[in-house]
Amino acid sequence: MEVISLKLPPDLLAASSRCAEILGISRAEYLRRGIERMNRATEAEARARRMAEVSARVRRESMKVNAEFG
């Protein structure tokens with residue numbers, strides 16, 4: 001596993017420590033889970049944007065083809 005150095009505001013660090021303690025996990029594990037969750041959400045949003053863009057492109061092409069037969 002790689003190691004990073006991370007600076008956090010004191011209130012965010014304290015809240016992370018409290019939440020990790022509530023869950024019974026280390027603060028590092030808590031932060032890892034948060035990063036993993038954010039990564040999944042970001043990737044899902046990127047997929048949704050790409051799908052919307054492709055869908056719009058297909059719709060425009062379909063309208064062109066329909067107009068040619070209309």
# chains A, B, ... in the order shown; residues from 1 in each chain; ligands from 1
>>> residues_around(residues="Leu6 (chain A)", least_positions_apart="4", cutoff="12 Å", atoms="only C-alpha atoms", output="ChimeraX atom specification")
/A:12-13,28,31
>>> select_by_dssp(residues="chain A", states="helix (DSSP H, G or I)", output="ChimeraX atom specification")
/A:10-23,27-69
>>> closest_residue(among="A:Ser17, A:Ser55, A:Ser5, A:Asn66", to="Glu29 (chain A)", atoms="only C-alpha atoms")
A:Ser17
>>> atom_distance(atom1="CA of Ala56 (chain A)", atom2="CA of Arg40 (chain A)")
24.3 Å
